[in-house]
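Okay, model-v6.tsv now, which holds TSV, C-alpha atoms:
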```tsv
chain	number	residue	atom	x	y	z
A	110	SER	CA	-66.47	-8.13	-41.65
A	111	ALA	CA	-67.20	-10.72	-38.97
A	112	GLU	CA	-63.47	-11.00	-38.23
A	113	ARG	CA	-63.17	-7.23	-37.72
A	114	ILE	CA	-66.20	-7.16	-35.40
A	115	GLN	CA	-64.70	-10.03	-33.41
A	116	ALA	CA	-61.43	-8.10	-33.10
A	117	ILE	CA	-63.28	-4.97	-31.90
A	118	LYS	CA	-65.11	-7.09	-29.36
A	119	ALA	CA	-61.85	-8.68	-28.16
A	120	ASN	CA	-60.28	-5.25	-27.71
A	121	TYR	CA	-63.27	-4.16	-25.64
A	122	VAL	CA	-62.99	-7.24	-23.41
A	123	GLN	CA	-59.26	-6.71	-22.97
A	124	ARG	CA	-59.79	-3.09	-21.92
A	125	TRP	CA	-62.87	-3.44	-19.71
A	126	GLN	CA	-62.54	-7.08	-18.61
A	127	ARG	CA	-66.14	-7.90	-19.64
A	128	GLU	CA	-68.26	-8.55	-22.70
A	129	PRO	CA	-69.79	-5.41	-24.27
A	130	MET	CA	-73.52	-4.80	-24.17
A	131	PRO	CA	-75.16	-4.59	-27.65
A	132	ASP	CA	-75.29	-0.77	-27.61
A	133	GLU	CA	-71.66	-0.62	-26.38
A	134	LEU	CA	-70.56	-2.90	-29.21
A	135	ASP	CA	-72.45	-0.70	-31.69
A	136	LYS	CA	-70.64	2.39	-30.35
A	137	ALA	CA	-67.25	0.61	-30.59
A	138	ILE	CA	-67.97	-0.42	-34.20
A	139	ARG	CA	-69.05	3.12	-35.08
A	140	HIS	CA	-65.91	4.53	-33.44
A	141	TYR	CA	-63.72	2.17	-35.46
A	142	ALA	CA	-65.56	3.01	-38.70
A	143	LEU	CA	-65.20	6.75	-38.09
A	144	ASN	CA	-61.49	6.33	-37.46
A	145	GLN	CA	-61.10	4.53	-40.78
A	146	ILE	CA	-63.11	7.27	-42.54
A	147	TYR	CA	-60.88	9.94	-40.94
A	148	LEU	CA	-57.79	8.10	-42.18
A	149	GLN	CA	-59.18	7.76	-45.69
A	150	GLU	CA	-60.13	11.46	-45.82
A	151	ALA	CA	-56.71	12.45	-44.46
A	152	ARG	CA	-54.95	10.42	-47.19
A	153	GLN	CA	-57.15	11.97	-49.88
A	154	MET	CA	-56.25	15.40	-48.53
A	155	GLN	CA	-52.58	14.25	-48.54
A	156	LEU	CA	-52.18	15.13	-44.88
A	157	ASP	CA	-49.67	12.31	-44.57
A	158	VAL	CA	-47.35	13.83	-47.20
A	159	GLY	CA	-44.26	15.45	-45.68
A	160	ASP	CA	-45.23	14.44	-42.13
A	161	LYS	CA	-41.94	13.46	-40.48
A	162	ILE	CA	-43.62	11.39	-37.77
A	163	ILE	CA	-45.53	9.33	-40.33
A	164	GLU	CA	-42.42	8.97	-42.49
A	165	ARG	CA	-40.38	7.80	-39.50
A	166	ARG	CA	-43.07	5.27	-38.57
A	167	LEU	CA	-43.24	3.92	-42.14
A	168	LEU	CA	-39.46	3.50	-42.19
A	169	GLN	CA	-39.69	1.64	-38.88
A	170	LYS	CA	-42.34	-0.70	-40.30
A	171	MET	CA	-40.21	-1.40	-43.37
A	172	ASN	CA	-37.25	-2.26	-41.15
A	173	TYR	CA	-39.45	-4.44	-38.91
A	174	MET	CA	-40.62	-6.28	-42.02
A	175	LEU	CA	-37.03	-6.93	-43.10
A	176	ASP	CA	-36.12	-8.06	-39.58
A	177	ASP	CA	-38.98	-10.55	-39.67
A	178	MET	CA	-37.86	-11.81	-43.07
A	179	ALA	CA	-34.32	-12.31	-41.77
A	180	ALA	CA	-35.55	-14.06	-38.61
A	181	VAL	CA	-37.32	-16.72	-40.68
A	182	ARG	CA	-34.00	-18.16	-41.83
A	183	GLU	CA	-32.06	-20.45	-39.51
A	184	PRO	CA	-28.49	-21.54	-40.28
A	185	SER	CA	-27.76	-25.19	-40.96
A	186	GLU	CA	-24.92	-26.98	-39.17
A	187	GLU	CA	-22.88	-26.79	-42.36
A	188	GLN	CA	-23.44	-23.03	-42.71
A	189	LEU	CA	-22.41	-22.49	-39.10
A	190	LEU	CA	-19.25	-24.55	-39.55
A	191	ASP	CA	-18.33	-22.60	-42.69
A	192	TYR	CA	-18.90	-19.35	-40.80
A	193	TYR	CA	-16.77	-20.60	-37.90
A	194	LEU	CA	-13.88	-21.53	-40.21
A	195	GLN	CA	-14.07	-18.18	-41.98
A	196	TYR	CA	-14.39	-15.96	-38.90
A	197	GLN	CA	-12.95	-18.00	-36.05
A	198	ARG	CA	-10.45	-15.23	-35.23
A	199	ASP	CA	-13.45	-13.08	-34.24
A	200	PHE	CA	-14.14	-15.53	-31.41
A	201	LEU	CA	-10.55	-15.58	-30.13
A	202	ARG	CA	-10.35	-15.86	-26.35
A	203	PRO	CA	-7.80	-13.26	-25.17
A	204	ALA	CA	-4.77	-14.13	-23.10
A	205	SER	CA	-5.11	-13.83	-19.32
A	206	PHE	CA	-2.65	-13.35	-16.49
A	207	SER	CA	-2.65	-13.97	-12.74
A	208	PHE	CA	0.08	-12.15	-10.82
A	209	GLU	CA	1.17	-10.17	-7.79
A	210	GLN	CA	2.76	-6.80	-8.22
A	211	ALA	CA	4.77	-4.34	-6.16
A	212	TYR	CA	4.45	-0.80	-7.46
A	213	ILE	CA	7.11	1.92	-7.58
A	214	SER	CA	5.96	5.41	-8.55
A	215	LYS	CA	7.62	7.53	-11.21
A	216	GLN	CA	7.36	10.53	-8.90
A	217	HIS	CA	11.03	10.34	-7.93
A	218	SER	CA	14.16	11.92	-9.28
A	219	GLN	CA	16.11	9.71	-11.64
A	220	GLN	CA	18.75	9.13	-8.98
A	221	GLU	CA	16.17	8.23	-6.31
A	222	LEU	CA	14.32	5.93	-8.69
A	223	SER	CA	17.49	4.08	-9.68
A	224	SER	CA	18.34	3.58	-6.00
A	225	ILE	CA	14.84	2.32	-5.10
A	226	LEU	CA	14.74	-0.13	-7.99
A	227	GLU	CA	18.23	-1.40	-7.16
A	228	ILE	CA	17.27	-1.97	-3.51
A	229	GLN	CA	14.19	-3.97	-4.51
A	230	GLN	CA	16.19	-6.08	-6.94
A	231	GLN	CA	18.66	-6.78	-4.16
A	232	ARG	CA	15.83	-7.84	-1.84
A	233	ILE	CA	14.56	-10.28	-4.48
A	234	ALA	CA	18.07	-11.67	-4.97
A	235	GLU	CA	18.23	-12.30	-1.20
A	236	GLY	CA	14.90	-14.16	-1.26
A	237	LEU	CA	12.94	-11.30	0.28
A	238	LEU	CA	9.74	-9.75	-0.96
A	239	PRO	CA	9.98	-6.46	-2.85
A	240	GLU	CA	8.55	-3.49	-0.98
A	241	GLY	CA	6.14	-1.55	-3.14
A	242	GLU	CA	4.66	1.88	-2.58
A	243	ARG	CA	1.02	2.58	-1.82
A	244	SER	CA	-1.22	3.09	-4.83
A	245	MET	CA	-4.78	2.57	-6.07
A	246	LEU	CA	-3.63	-0.50	-8.00
A	247	PRO	CA	-4.55	-3.94	-6.65
A	248	LEU	CA	-1.67	-6.03	-5.36
A	249	LEU	CA	-3.15	-9.21	-6.84
A	250	TYR	CA	-4.65	-9.78	-10.30
A	251	ASP	CA	-6.56	-12.99	-11.00
A	252	ASN	CA	-7.13	-14.03	-14.64
A	253	ALA	CA	-6.89	-10.43	-15.83
A	254	LEU	CA	-7.42	-10.17	-19.58
A	255	ALA	CA	-4.67	-8.71	-21.76
A	256	GLY	CA	-6.91	-5.90	-23.04
A	257	GLN	CA	-7.92	-4.88	-19.52
A	258	LEU	CA	-4.27	-4.71	-18.46
A	259	GLU	CA	-3.41	-2.61	-21.50
A	260	GLN	CA	-6.12	-0.13	-20.51
A	261	GLN	CA	-4.95	0.04	-16.90
A	262	PHE	CA	-1.18	-0.09	-17.30
A	263	GLY	CA	-0.71	1.19	-20.84
A	264	PRO	CA	0.43	-0.33	-24.16
A	265	GLY	CA	2.94	-3.17	-24.02
A	266	PHE	CA	2.35	-4.21	-20.41
A	267	SER	CA	0.67	-7.53	-21.18
A	268	GLU	CA	3.37	-8.25	-23.77
A	269	SER	CA	5.98	-7.80	-21.01
A	270	LEU	CA	4.09	-10.30	-18.84
A	271	LYS	CA	3.98	-12.72	-21.76
A	272	THR	CA	7.77	-12.41	-22.07
A	273	LEU	CA	8.12	-13.47	-18.42
A	274	ALA	CA	6.01	-16.56	-19.14
A	275	GLU	CA	8.08	-17.39	-22.23
A	276	LYS	CA	11.22	-17.22	-20.05
A	277	ASP	CA	9.50	-19.59	-17.60
A	278	LEU	CA	9.64	-16.95	-14.85
A	279	ILE	CA	6.56	-18.34	-13.08
A	280	ASN	CA	6.05	-17.98	-9.31
A	281	VAL	CA	9.24	-15.97	-8.92
A	282	TRP	CA	9.63	-12.23	-8.49
A	283	SER	CA	10.86	-10.49	-11.63
A	284	GLY	CA	11.24	-6.99	-12.95
A	285	PRO	CA	11.00	-4.15	-12.83
A	286	ILE	CA	8.51	-3.73	-15.70
A	287	GLU	CA	7.61	-0.21	-16.75
A	288	SER	CA	4.02	0.92	-17.19
A	289	ALA	CA	2.34	4.24	-17.93
A	290	SER	CA	2.12	5.01	-14.20
A	291	GLY	CA	5.36	3.58	-12.81
A	292	TRP	CA	7.48	0.49	-12.34
A	293	HIS	CA	6.34	-2.93	-11.20
A	294	PHE	CA	8.00	-5.96	-9.71
A	295	ILE	CA	5.95	-8.94	-10.83
A	296	LYS	CA	5.35	-12.45	-9.52
A	297	LEU	CA	3.59	-14.12	-12.43
A	298	GLN	CA	1.49	-17.02	-11.17
A	299	GLU	CA	-0.35	-18.16	-14.28
A	300	TYR	CA	-0.52	-17.32	-17.96
A	301	GLN	CA	-3.26	-18.54	-20.28
A	302	GLU	CA	-2.49	-18.05	-23.97
A	303	SER	CA	-5.09	-16.62	-26.32
A	304	THR	CA	-6.98	-19.48	-27.93
A	305	VAL	CA	-9.58	-20.10	-30.60
A	306	PRO	CA	-12.42	-21.98	-28.85
A	307	ALA	CA	-13.86	-25.18	-30.28
A	308	PHE	CA	-16.86	-25.01	-32.59
A	309	ALA	CA	-19.24	-26.52	-30.03
A	310	GLU	CA	-18.10	-24.07	-27.35
A	311	VAL	CA	-19.13	-21.00	-29.35
A	312	LYS	CA	-22.08	-22.42	-31.26
A	313	ALA	CA	-24.60	-20.04	-29.63
A	314	GLU	CA	-22.36	-17.06	-30.45
A	315	LEU	CA	-21.97	-18.33	-34.01
A	316	VAL	CA	-25.74	-18.49	-34.50
A	317	GLU	CA	-26.12	-14.91	-33.26
A	318	ALA	CA	-23.28	-13.63	-35.46
A	319	TRP	CA	-24.54	-15.55	-38.52
A	320	GLU	CA	-28.06	-14.19	-38.07
A	321	LYS	CA	-26.72	-10.64	-37.78
A	322	GLN	CA	-24.68	-11.04	-40.96
A	323	ASN	CA	-27.67	-12.59	-42.72
A	324	GLU	CA	-29.83	-9.63	-41.67
A	325	ILE	CA	-27.27	-7.14	-43.00
A	326	GLN	CA	-26.93	-9.04	-46.29
A	327	LEU	CA	-30.70	-9.32	-46.72
A	328	LYS	CA	-31.14	-5.57	-46.27
A	329	LYS	CA	-28.28	-4.89	-48.67
A	330	ASN	CA	-29.88	-7.13	-51.30
A	331	PHE	CA	-33.29	-5.55	-50.69
A	332	ASP	CA	-31.80	-2.07	-51.16
A	333	SER	CA	-30.12	-3.13	-54.40
A	334	LYS	CA	-33.39	-4.55	-55.77
A	335	LEU	CA	-35.27	-1.37	-54.85
A	336	LEU	CA	-32.71	0.86	-56.54
A	337	GLU	CA	-33.21	-1.07	-59.79
A	338	HIS	CA	-36.67	0.55	-60.00
A	339	TYR	CA	-35.64	4.08	-59.01
A	340	GLN	CA	-33.30	6.73	-60.25
A	341	ILE	CA	-31.64	9.06	-57.75
A	342	VAL	CA	-31.35	12.55	-59.19
A	343	VAL	CA	-29.15	15.08	-57.39
A	344	ASP	CA	-29.90	18.66	-58.34
A	345	ALA	CA	-26.77	20.72	-58.97
```
Starting from the file, give its structure as structure tokens.
Amino acid sequence: SAERIQAIKANYVQRWQREPMPDELDKAIRHYALNQIYLQEARQMQLDVGDKIIERRLLQKMNYMLDDMAAVREPSEEQLLDYYLQYQRDFLRPASFSFEQAYISKQHSQQELSSILEIQQQRIAEGLLPEGERSMLPLLYDNALAGQLEQQFGPGFSESLKTLAEKDLINVWSGPIESASGWHFIKLQEYQESTVPAFAEVKAELVEAWEKQNEIQLKKNFDSKLLEHYQIVVDA
């Protein structure tokens, strides 16, 4: 067709950065025609049957088609709001903490550890700074997220910091608090509670999450429709 010839010509220009001469265009058309004949002969000979590469490519094209179908739909403001109300906990902003810490290792005998902790508590009571031991841990944490602290210090550490905030122990040295690696005297400077952000604040995230859910649901519906026309037989 004229459209196909124009496409062949455009491909030639894109590759060689010039218009083809008449004999070059004839060769390009003949090459395209031969390729189509090869494909037709290969299908008639069933060379595509059982070919894992071809099967994988066909599956990819089916999935691309479904992706395109899902991308056509855009959520309305009402749909986004409904999604936000239903799944707002998924967009929860975790609690964060800013604090200083003085670290005491667990690598002491029980008697030594009790003495060290008692000395530091006495220093705090006298208005002095606690003296921590050297470690790889930072002395200062700024807006550290609860989950990050749990990974670094072990389960329950952020909950212990939250307890300090609830007791209004802000900007004073407190402790010791136990972690997976040792004991810590803490000067909690700021605590931000976990919050659910406003709708407008997470609108872009909502669109992305809604589109992902829509894509999953579309594929699930497509699968169900397909299975209505097929019967899966499992040989015993």
Residues near A:Thr272, anyone? I mean within 12 Å using only C-alpha atoms, not counting same-chain ones fewer than 3 positions away, as a PyMOL selection string. chain A and resi 206+265-269+275-279+283-284+286+295+297+300+302
Distance atom CA of A:Ala313-atom CA of A:Asp251, one decimal place? 26.9 Å
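Remark: for A:Leu226, the closest of the candidate residues A:Lys271, A:Pro285, A:Met178, A:Leu190 is A:Pro285 (distances computed over only C-alpha atoms).
Using all atoms listed in the file, the shortest contact distance between A:Asp332 and any of A:Asn172, A:Asn120, A:Gln149, A:Gln301 is found at A:Asn172.
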Please provide as a short mmCIF file (atom, residue, chain, number, x, y, z; two decimals) with C-alpha atoms, keeping the file's coordinate frame all residues within 12 Å of A:Leu238, with the sequence filter that same-chain residues fewer than 4 positions apart are discarded (counting only C-alpha atoms).
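Result written to selection_36.cif:
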```cif
data_model
loop_
_atom_site.label_atom_id
_atom_site.label_comp_id
_atom_site.auth_asym_id
_atom_site.auth_seq_id
_atom_site.Cartn_x
_atom_site.Cartn_y
_atom_site.Cartn_z
CA GLU A 209 1.17 -10.17 -7.79
CA GLN A 210 2.76 -6.80 -8.22
CA ALA A 211 4.77 -4.34 -6.16
CA ILE A 228 17.27 -1.97 -3.51
CA GLN A 229 14.19 -3.97 -4.51
CA GLN A 230 16.19 -6.08 -6.94
CA GLN A 231 18.66 -6.78 -4.16
CA ARG A 232 15.83 -7.84 -1.84
CA ILE A 233 14.56 -10.28 -4.48
CA ALA A 234 18.07 -11.67 -4.97
CA VAL A 281 9.24 -15.97 -8.92
CA TRP A 282 9.63 -12.23 -8.49
CA SER A 283 10.86 -10.49 -11.63
CA PHE A 294 8.00 -5.96 -9.71
CA ILE A 295 5.95 -8.94 -10.83
CA LYS A 296 5.35 -12.45 -9.52
#
```
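Relative to atom CA of A:Arg202, atom CA of A:Glu186 is found at 22.4 Å.
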